[in-house]
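*Asks:* Coordinates in input-v5.pdb, PDB, C-alpha atoms, are listed below.
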```pdb
MODEL        1
ATOM      1  CA  MET Y   5     163.480   9.212 196.554  1.00  0.00           C
ATOM      2  CA  SER Y   6     160.096   8.951 198.296  1.00  0.00           C
ATOM      3  CA  ASP Y   7     158.268   8.841 194.938  1.00  0.00           C
ATOM      4  CA  SER Y   8     160.354   5.915 193.646  1.00  0.00           C
ATOM      5  CA  PRO Y   9     158.791   2.459 193.374  1.00  0.00           C
ATOM      6  CA  PRO Y  10     159.985  -0.038 196.034  1.00  0.00           C
ATOM      7  CA  SER Y  11     162.146  -1.981 193.544  1.00  0.00           C
ATOM      8  CA  ARG Y  12     163.962   1.203 192.537  1.00  0.00           C
ATOM      9  CA  LYS Y  13     164.569   2.089 196.182  1.00  0.00           C
ATOM     10  CA  ALA Y  14     165.932  -1.400 196.834  1.00  0.00           C
ATOM     11  CA  SER Y  15     168.278  -1.227 193.832  1.00  0.00           C
ATOM     12  CA  ARG Y  16     169.551   2.210 194.925  1.00  0.00           C
ATOM     13  CA  LEU Y  17     170.166   0.913 198.459  1.00  0.00           C
ATOM     14  CA  LEU Y  18     171.982  -2.147 197.073  1.00  0.00           C
ATOM     15  CA  SER Y  19     174.098   0.053 194.805  1.00  0.00           C
ATOM     16  CA  LEU Y  20     174.918   2.430 197.654  1.00  0.00           C
ATOM     17  CA  GLY Y  21     175.830  -0.506 199.912  1.00  0.00           C
ATOM     18  CA  LEU Y  22     178.110  -2.074 197.296  1.00  0.00           C
ATOM     19  CA  HIS Y  23     179.873   1.202 196.594  1.00  0.00           C
ATOM     20  CA  THR Y  24     180.291   1.898 200.301  1.00  0.00           C
ATOM     21  CA  TYR Y  25     181.950  -1.507 200.646  1.00  0.00           C
ATOM     22  CA  TRP Y  26     184.158  -0.860 197.586  1.00  0.00           C
ATOM     23  CA  ARG Y  27     185.128   2.565 198.921  1.00  0.00           C
ATOM     24  CA  PHE Y  28     186.605   1.076 202.039  1.00  0.00           C
ATOM     25  CA  SER Y  29     187.987  -2.104 200.515  1.00  0.00           C
ATOM     26  CA  ARG Y  30     189.453  -0.593 197.341  1.00  0.00           C
ATOM     27  CA  GLY Y  31     189.971   3.131 197.890  1.00  0.00           C
ATOM     28  CA  MET Y  32     189.224   4.061 194.301  1.00  0.00           C
ATOM     29  CA  THR Y  33     186.947   2.060 192.032  1.00  0.00           C
ATOM     30  CA  LEU Y  34     187.672   1.485 188.382  1.00  0.00           C
ATOM     31  CA  GLY Y  35     185.228  -0.014 185.938  1.00  0.00           C
ATOM     32  CA  VAL Y  36     185.193  -0.958 182.286  1.00  0.00           C
ATOM     33  CA  ARG Y  37     182.387  -0.861 179.718  1.00  0.00           C
ATOM     34  CA  GLY Y  38     182.383  -2.252 176.203  1.00  0.00           C
ATOM     35  CA  VAL Y  39     180.622  -0.689 173.234  1.00  0.00           C
ATOM     36  CA  VAL Y  40     180.203  -3.825 171.118  1.00  0.00           C
ATOM     37  CA  LEU Y  41     179.151  -2.858 167.579  1.00  0.00           C
ATOM     38  CA  ASP Y  42     178.269  -5.443 164.936  1.00  0.00           C
ATOM     39  CA  GLN Y  43     178.286  -5.358 161.127  1.00  0.00           C
ATOM     40  CA  GLN Y  44     174.540  -4.549 161.061  1.00  0.00           C
ATOM     41  CA  ASN Y  45     175.113  -1.275 162.973  1.00  0.00           C
ATOM     42  CA  ARG Y  46     173.721  -2.657 166.235  1.00  0.00           C
ATOM     43  CA  VAL Y  47     175.044  -2.322 169.780  1.00  0.00           C
ATOM     44  CA  PHE Y  48     175.025  -5.006 172.470  1.00  0.00           C
ATOM     45  CA  LEU Y  49     173.164  -3.977 175.645  1.00  0.00           C
ATOM     46  CA  ILE Y  50     172.312  -5.698 178.905  1.00  0.00           C
ATOM     47  CA  ARG Y  51     169.582  -5.269 181.481  1.00  0.00           C
ATOM     48  CA  HIS Y  52     170.621  -6.205 185.020  1.00  0.00           C
ATOM     49  CA  THR Y  53     168.396  -7.944 187.552  1.00  0.00           C
ATOM     50  CA  TYR Y  54     169.339  -5.472 190.302  1.00  0.00           C
ATOM     51  CA  VAL Y  55     169.368  -2.008 188.695  1.00  0.00           C
ATOM     52  CA  PRO Y  56     166.953  -0.430 186.179  1.00  0.00           C
ATOM     53  CA  GLY Y  57     167.749   0.368 182.556  1.00  0.00           C
ATOM     54  CA  TRP Y  58     169.736  -0.998 179.632  1.00  0.00           C
ATOM     55  CA  HIS Y  59     173.515  -0.656 179.894  1.00  0.00           C
ATOM     56  CA  LEU Y  60     176.725  -1.358 178.039  1.00  0.00           C
ATOM     57  CA  PRO Y  61     178.261  -4.606 179.328  1.00  0.00           C
ATOM     58  CA  GLY Y  62     181.056  -4.231 181.827  1.00  0.00           C
ATOM     59  CA  GLY Y  63     181.951  -4.107 185.470  1.00  0.00           C
ATOM     60  CA  GLY Y  64     184.662  -3.553 188.025  1.00  0.00           C
ATOM     61  CA  VAL Y  65     188.371  -4.139 187.589  1.00  0.00           C
ATOM     62  CA  GLU Y  66     189.395  -6.591 190.304  1.00  0.00           C
ATOM     63  CA  THR Y  67     192.617  -6.489 192.326  1.00  0.00           C
ATOM     64  CA  GLY Y  68     195.491  -7.933 190.269  1.00  0.00           C
ATOM     65  CA  GLU Y  69     193.548  -7.650 187.008  1.00  0.00           C
ATOM     66  CA  THR Y  70     194.264  -5.321 184.087  1.00  0.00           C
ATOM     67  CA  ALA Y  71     191.479  -3.256 182.581  1.00  0.00           C
ATOM     68  CA  LEU Y  72     191.587  -5.354 179.395  1.00  0.00           C
ATOM     69  CA  GLU Y  73     191.423  -8.578 181.403  1.00  0.00           C
ATOM     70  CA  ALA Y  74     188.395  -7.201 183.256  1.00  0.00           C
ATOM     71  CA  LEU Y  75     186.740  -6.185 179.988  1.00  0.00           C
ATOM     72  CA  GLY Y  76     187.314  -9.639 178.499  1.00  0.00           C
ATOM     73  CA  ARG Y  77     185.951 -11.331 181.627  1.00  0.00           C
ATOM     74  CA  GLU Y  78     182.895  -9.075 181.817  1.00  0.00           C
ATOM     75  CA  LEU Y  79     182.096  -9.550 178.110  1.00  0.00           C
ATOM     76  CA  ARG Y  80     182.277 -13.330 178.502  1.00  0.00           C
ATOM     77  CA  GLU Y  81     180.161 -13.318 181.680  1.00  0.00           C
ATOM     78  CA  GLU Y  82     177.545 -10.737 180.717  1.00  0.00           C
ATOM     79  CA  ALA Y  83     177.380 -11.115 176.945  1.00  0.00           C
ATOM     80  CA  CYS Y  84     178.976 -14.455 175.960  1.00  0.00           C
ATOM     81  CA  ILE Y  85     181.252 -12.434 173.669  1.00  0.00           C
ATOM     82  CA  ALA Y  86     185.003 -12.837 173.098  1.00  0.00           C
ATOM     83  CA  MET Y  87     187.099 -10.036 171.625  1.00  0.00           C
ATOM     84  CA  ASP Y  88     188.936 -11.040 168.431  1.00  0.00           C
ATOM     85  CA  GLU Y  89     191.429  -8.160 168.664  1.00  0.00           C
ATOM     86  CA  PRO Y  90     192.387  -5.553 171.233  1.00  0.00           C
ATOM     87  CA  PRO Y  91     189.641  -2.936 171.598  1.00  0.00           C
ATOM     88  CA  SER Y  92     190.076   0.807 171.181  1.00  0.00           C
ATOM     89  CA  LEU Y  93     190.010   2.873 174.360  1.00  0.00           C
ATOM     90  CA  PHE Y  94     187.458   5.618 173.772  1.00  0.00           C
ATOM     91  CA  GLY Y  95     187.688   7.488 177.036  1.00  0.00           C
ATOM     92  CA  VAL Y  96     187.902   7.680 180.800  1.00  0.00           C
ATOM     93  CA  PHE Y  97     184.826   8.995 182.605  1.00  0.00           C
ATOM     94  CA  PHE Y  98     184.347  10.165 186.182  1.00  0.00           C
ATOM     95  CA  ASN Y  99     181.244   8.475 187.597  1.00  0.00           C
ATOM     96  CA  ASN Y 100     180.440  10.944 190.366  1.00  0.00           C
ATOM     97  CA  ARG Y 101     176.817   9.763 190.469  1.00  0.00           C
ATOM     98  CA  ILE Y 102     178.115   6.582 192.135  1.00  0.00           C
ATOM     99  CA  SER Y 103     180.897   8.029 194.275  1.00  0.00           C
ATOM    100  CA  ARG Y 104     183.664  10.607 194.316  1.00  0.00           C
ATOM    101  CA  ARG Y 105     186.151   7.789 193.623  1.00  0.00           C
ATOM    102  CA  ASP Y 106     184.667   5.935 190.628  1.00  0.00           C
ATOM    103  CA  HIS Y 107     186.034   6.033 187.073  1.00  0.00           C
ATOM    104  CA  VAL Y 108     184.916   4.092 184.006  1.00  0.00           C
ATOM    105  CA  LEU Y 109     187.060   3.177 180.999  1.00  0.00           C
ATOM    106  CA  VAL Y 110     185.015   2.820 177.801  1.00  0.00           C
ATOM    107  CA  TYR Y 111     186.303   0.610 175.004  1.00  0.00           C
ATOM    108  CA  VAL Y 112     184.953   0.139 171.469  1.00  0.00           C
ATOM    109  CA  ILE Y 113     184.853  -3.452 170.202  1.00  0.00           C
ATOM    110  CA  ARG Y 114     184.151  -4.046 166.519  1.00  0.00           C
ATOM    111  CA  ARG Y 115     185.778  -7.462 165.994  1.00  0.00           C
ATOM    112  CA  PHE Y 116     184.401 -10.161 168.251  1.00  0.00           C
ATOM    113  CA  THR Y 117     182.881 -13.623 168.380  1.00  0.00           C
ATOM    114  CA  VAL Y 118     179.509 -14.394 169.915  1.00  0.00           C
ATOM    115  CA  LEU Y 119     180.222 -17.606 171.836  1.00  0.00           C
ATOM    116  CA  GLN Y 120     176.533 -18.403 172.387  1.00  0.00           C
ATOM    117  CA  ALA Y 121     173.267 -16.570 172.929  1.00  0.00           C
ATOM    118  CA  LYS Y 122     173.286 -14.967 176.385  1.00  0.00           C
ATOM    119  CA  GLN Y 123     170.681 -16.608 178.614  1.00  0.00           C
ATOM    120  CA  PRO Y 124     169.211 -14.830 181.649  1.00  0.00           C
ATOM    121  CA  ASP Y 125     170.937 -15.565 184.959  1.00  0.00           C
ATOM    122  CA  ARG Y 126     171.144 -14.096 188.483  1.00  0.00           C
ATOM    123  CA  GLU Y 127     172.843 -10.927 187.232  1.00  0.00           C
ATOM    124  CA  ILE Y 128     171.582 -10.416 183.670  1.00  0.00           C
ATOM    125  CA  ALA Y 129     167.826 -10.348 183.043  1.00  0.00           C
ATOM    126  CA  GLU Y 130     168.070  -9.678 179.292  1.00  0.00           C
ATOM    127  CA  ALA Y 131     170.784  -9.058 176.727  1.00  0.00           C
ATOM    128  CA  GLY Y 132     171.090  -8.608 172.997  1.00  0.00           C
ATOM    129  CA  PHE Y 133     171.973  -6.497 169.996  1.00  0.00           C
ATOM    130  CA  PHE Y 134     169.844  -3.434 169.255  1.00  0.00           C
ATOM    131  CA  PRO Y 135     169.757  -1.136 166.210  1.00  0.00           C
ATOM    132  CA  LEU Y 136     171.341   2.191 167.044  1.00  0.00           C
ATOM    133  CA  ASP Y 137     168.264   4.009 165.775  1.00  0.00           C
ATOM    134  CA  ASN Y 138     165.898   1.855 167.871  1.00  0.00           C
ATOM    135  CA  LEU Y 139     167.387   1.439 171.357  1.00  0.00           C
ATOM    136  CA  PRO Y 140     165.149   0.223 174.189  1.00  0.00           C
ATOM    137  CA  GLU Y 141     163.246   3.077 175.814  1.00  0.00           C
ATOM    138  CA  GLU Y 142     164.910   2.344 179.176  1.00  0.00           C
ATOM    139  CA  THR Y 143     168.457   2.731 177.812  1.00  0.00           C
ATOM    140  CA  THR Y 144     170.354   4.787 180.375  1.00  0.00           C
ATOM    141  CA  SER Y 145     171.411   8.337 179.633  1.00  0.00           C
ATOM    142  CA  ALA Y 146     175.087   7.423 180.175  1.00  0.00           C
ATOM    143  CA  THR Y 147     174.786   4.673 177.545  1.00  0.00           C
ATOM    144  CA  ARG Y 148     173.044   7.013 175.106  1.00  0.00           C
ATOM    145  CA  ASN Y 149     175.659   9.721 175.727  1.00  0.00           C
ATOM    146  CA  ARG Y 150     178.598   7.379 175.075  1.00  0.00           C
ATOM    147  CA  LEU Y 151     176.991   6.135 171.839  1.00  0.00           C
ATOM    148  CA  ALA Y 152     176.385   9.719 170.657  1.00  0.00           C
ATOM    149  CA  GLU Y 153     179.990  10.645 171.445  1.00  0.00           C
ATOM    150  CA  ILE Y 154     181.427   7.591 169.676  1.00  0.00           C
ATOM    151  CA  LEU Y 155     179.132   7.422 166.670  1.00  0.00           C
ATOM    152  CA  GLU Y 156     177.811  10.959 166.124  1.00  0.00           C
ATOM    153  CA  GLY Y 157     180.885  12.989 167.015  1.00  0.00           C
ATOM    154  CA  GLN Y 158     179.338  14.609 170.074  1.00  0.00           C
ATOM    155  CA  PRO Y 159     182.060  16.134 172.293  1.00  0.00           C
ATOM    156  CA  PRO Y 160     182.993  13.621 175.018  1.00  0.00           C
ATOM    157  CA  SER Y 161     181.952  14.523 178.523  1.00  0.00           C
ATOM    158  CA  PRO Y 162     184.416  13.964 181.373  1.00  0.00           C
ATOM    159  CA  HIS Y 163     181.495  12.581 183.424  1.00  0.00           C
ATOM    160  CA  TRP Y 164     179.692   9.280 183.158  1.00  0.00           C
TER     161      TRP Y 164
ENDMDL
END
```
Let me see the file written as structure tokens.
*Replies:*
Amino acid sequence: MSDSPPSRKASRLLSLGLHTYWRFSRGMTLGVRGVVLDQQNRVFLIRHTYVPGWHLPGGGVETGETALEALGRELREEACIAMDEPPSLFGVFFNNRISRRDHVLVYVIRRFTVLQAKQPDREIAEAGFFPLDNLPEETTSATRNRLAEILEGQPPSPHW
């Protein structure tokens, strides 16, 4: 970690701090991610203000919330997208890079409405649709792996 730029160190410390808090306040963490695919064969990705890389939109399932409610909330907040029909659950992934208690549910969304163009805010620096054959260079390996599993028939990994 000593070779990392200061912003990367700060984002890792923030992530570690948040997951330490969640570990004690929640026991196990559960997250959702949405693979939003449009008619032009593009995927919706976001770039956070606090962690490097391009990611699938999503976030944590809050107490008293179903996974689908969390997915709908996260898509509205991070992408300004509303699902037009229930999504397909693609898989459940163990995110042991974050903690020994974190799991991520990945859903595929093909029917949706873009409510408005997503504008940058405190959490989301950039967001938009990207051609599957021309993803941003900084797209995370987990995002690339999920897309390959869903769209290219790669065997799904149990790990995020």
*Asks:* Which residues are close to Phe94 in chain Y, i.e. within 9 Å by all atoms listed in the file, leaving aside same-chain residues fewer than 2 positions away? Reply as an MDAnalysis selection string.
*Replies:* chainID Y and resid 92 96 109:112 154
*Asks:* So which residues touch range 118-126 of chain Y within 6 Å, counting all atoms listed in the file, skipping near sequence neighbours fewer than 4 positions away, as an NGL selection string?
*Replies:* :Y and (83-85 or 130)
*Asks:* Rank nothing, just name the residue among Y:Leu60, Y:Leu22, Y:Val108, Y:Ile128 nearest to Trp164 in chain Y, using all atoms listed in the file.
*Replies:* Y:Val108
*Asks:* Would you mind reading off the distance between CA of Glu141 in chain Y and CA of Arg80 in chain Y, one decimal, in Å?
*Replies:* 25.3 Å
*Asks:* Counting only C-alpha atoms, which residues come within 8 Å of (193.2, -4.2, 176.4), with the point read in the file's coordinates, and could you list them as a count of residues only?
*Replies:* 8
*Asks:* Assuming the chain letters and numbering stay as they are in my file, what does the PyMOL selection byres ((chain Y and resi 88) around 6) actually select? List them as number ranges by chain.
*Replies:* Y: 87, 89, 115-116
*Asks:* As a list of chain:residue names, please: the residues near Gly35 in chain Y (cut-off 6 Å, only C-alpha atoms, same-chain neighbours under 2 positions excluded).
*Replies:*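 Here the qualifying residues turn out to be Y:Gly63, Y:Gly64, Y:Val65, Y:Val108.
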*Asks:* Name the closest residue to His163 in chain Y among the candidates Y:Arg148, Y:Arg16, Y:His107, Y:Arg114; distances are taken between atoms, counting only C-alpha atoms.
*Replies:* Y:His107
*Asks:* What separation in Å, quoted to one decimal, exists between CA of Gly31 in chain Y and CA of Ala74 in chain Y?
*Replies:* 18.0 Å
*Asks:* Figure out the distance between CA of Pro56 in chain Y and CA of Ala14 in chain Y, please, to one decimal in Å.
*Replies:*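 Atom-to-atom, CA of Ala14 in chain Y and CA of Pro56 in chain Y are spaced 10.7 Å apart.
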*Asks:* Nearest to Arg105 in chain Y among Y:Ser19, Y:Thr67, Y:Ser11, Y:Thr33, with distances taken over only C-alpha atoms: which residue is it?
*Replies:*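 Closest residue, counting only C-alpha atoms: Y:Thr33.
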*Asks:* With 5 Å on each side, where is the centre of the axis-aligned box around all listed atoms of range 109-113 of chain Y, and how long are its edges in Å to one decimal, as AutoDock Vina command-line options?
*Replies:*
```
--center_x 186.0 --center_y -0.1 --center_z 175.6 --size_x 12.2 --size_y 16.6 --size_z 20.8
```
*Asks:* Rank Y:Glu156, Y:Val40, Y:Ala86, Y:Pro162 by their smallest atom-to-atom distance to Thr117 in chain Y, using all atoms listed in the file, and report the top residue only.
*Replies:*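 Going through Y:Glu156, Y:Val40, Y:Ala86, Y:Pro162 one by one, the smallest distance to Thr117 in chain Y is for Y:Ala86.
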*Asks:* Go through Y:Arg77, Y:Gly68, Y:Arg51, Y:Arg12 and flag the residue nearest Val36 in chain Y, using only C-alpha atoms for the distances.
*Replies:*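 Of all the options, Y:Arg77 lies closest to Val36 in chain Y.
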*Asks:* I need the residue set behind the PyMOL selection byres ((chain Y and resi 137) around 12) for this file; please write it as a ChimeraX atom specification.
*Replies:* /Y:44-47,133-136,138-141,148,151-152,155-156
*Asks:* If we count only C-alpha atoms, what is near Ala129 in chain Y at a cut-off of 8 Å, once residues fewer than 6 positions away on the same chain are taken out, given as a list in words?
*Replies:* Ile50, Arg51, His52 and Thr53 of chain Y
*Asks:* Which residue is closest to Pro160 in chain Y? Choose from Y:Thr143, Y:Gly132, Y:Ile113, Y:Gly95 and count only C-alpha atoms.
*Replies:*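 For Pro160 in chain Y, the nearest of the given residues is Y:Gly95.
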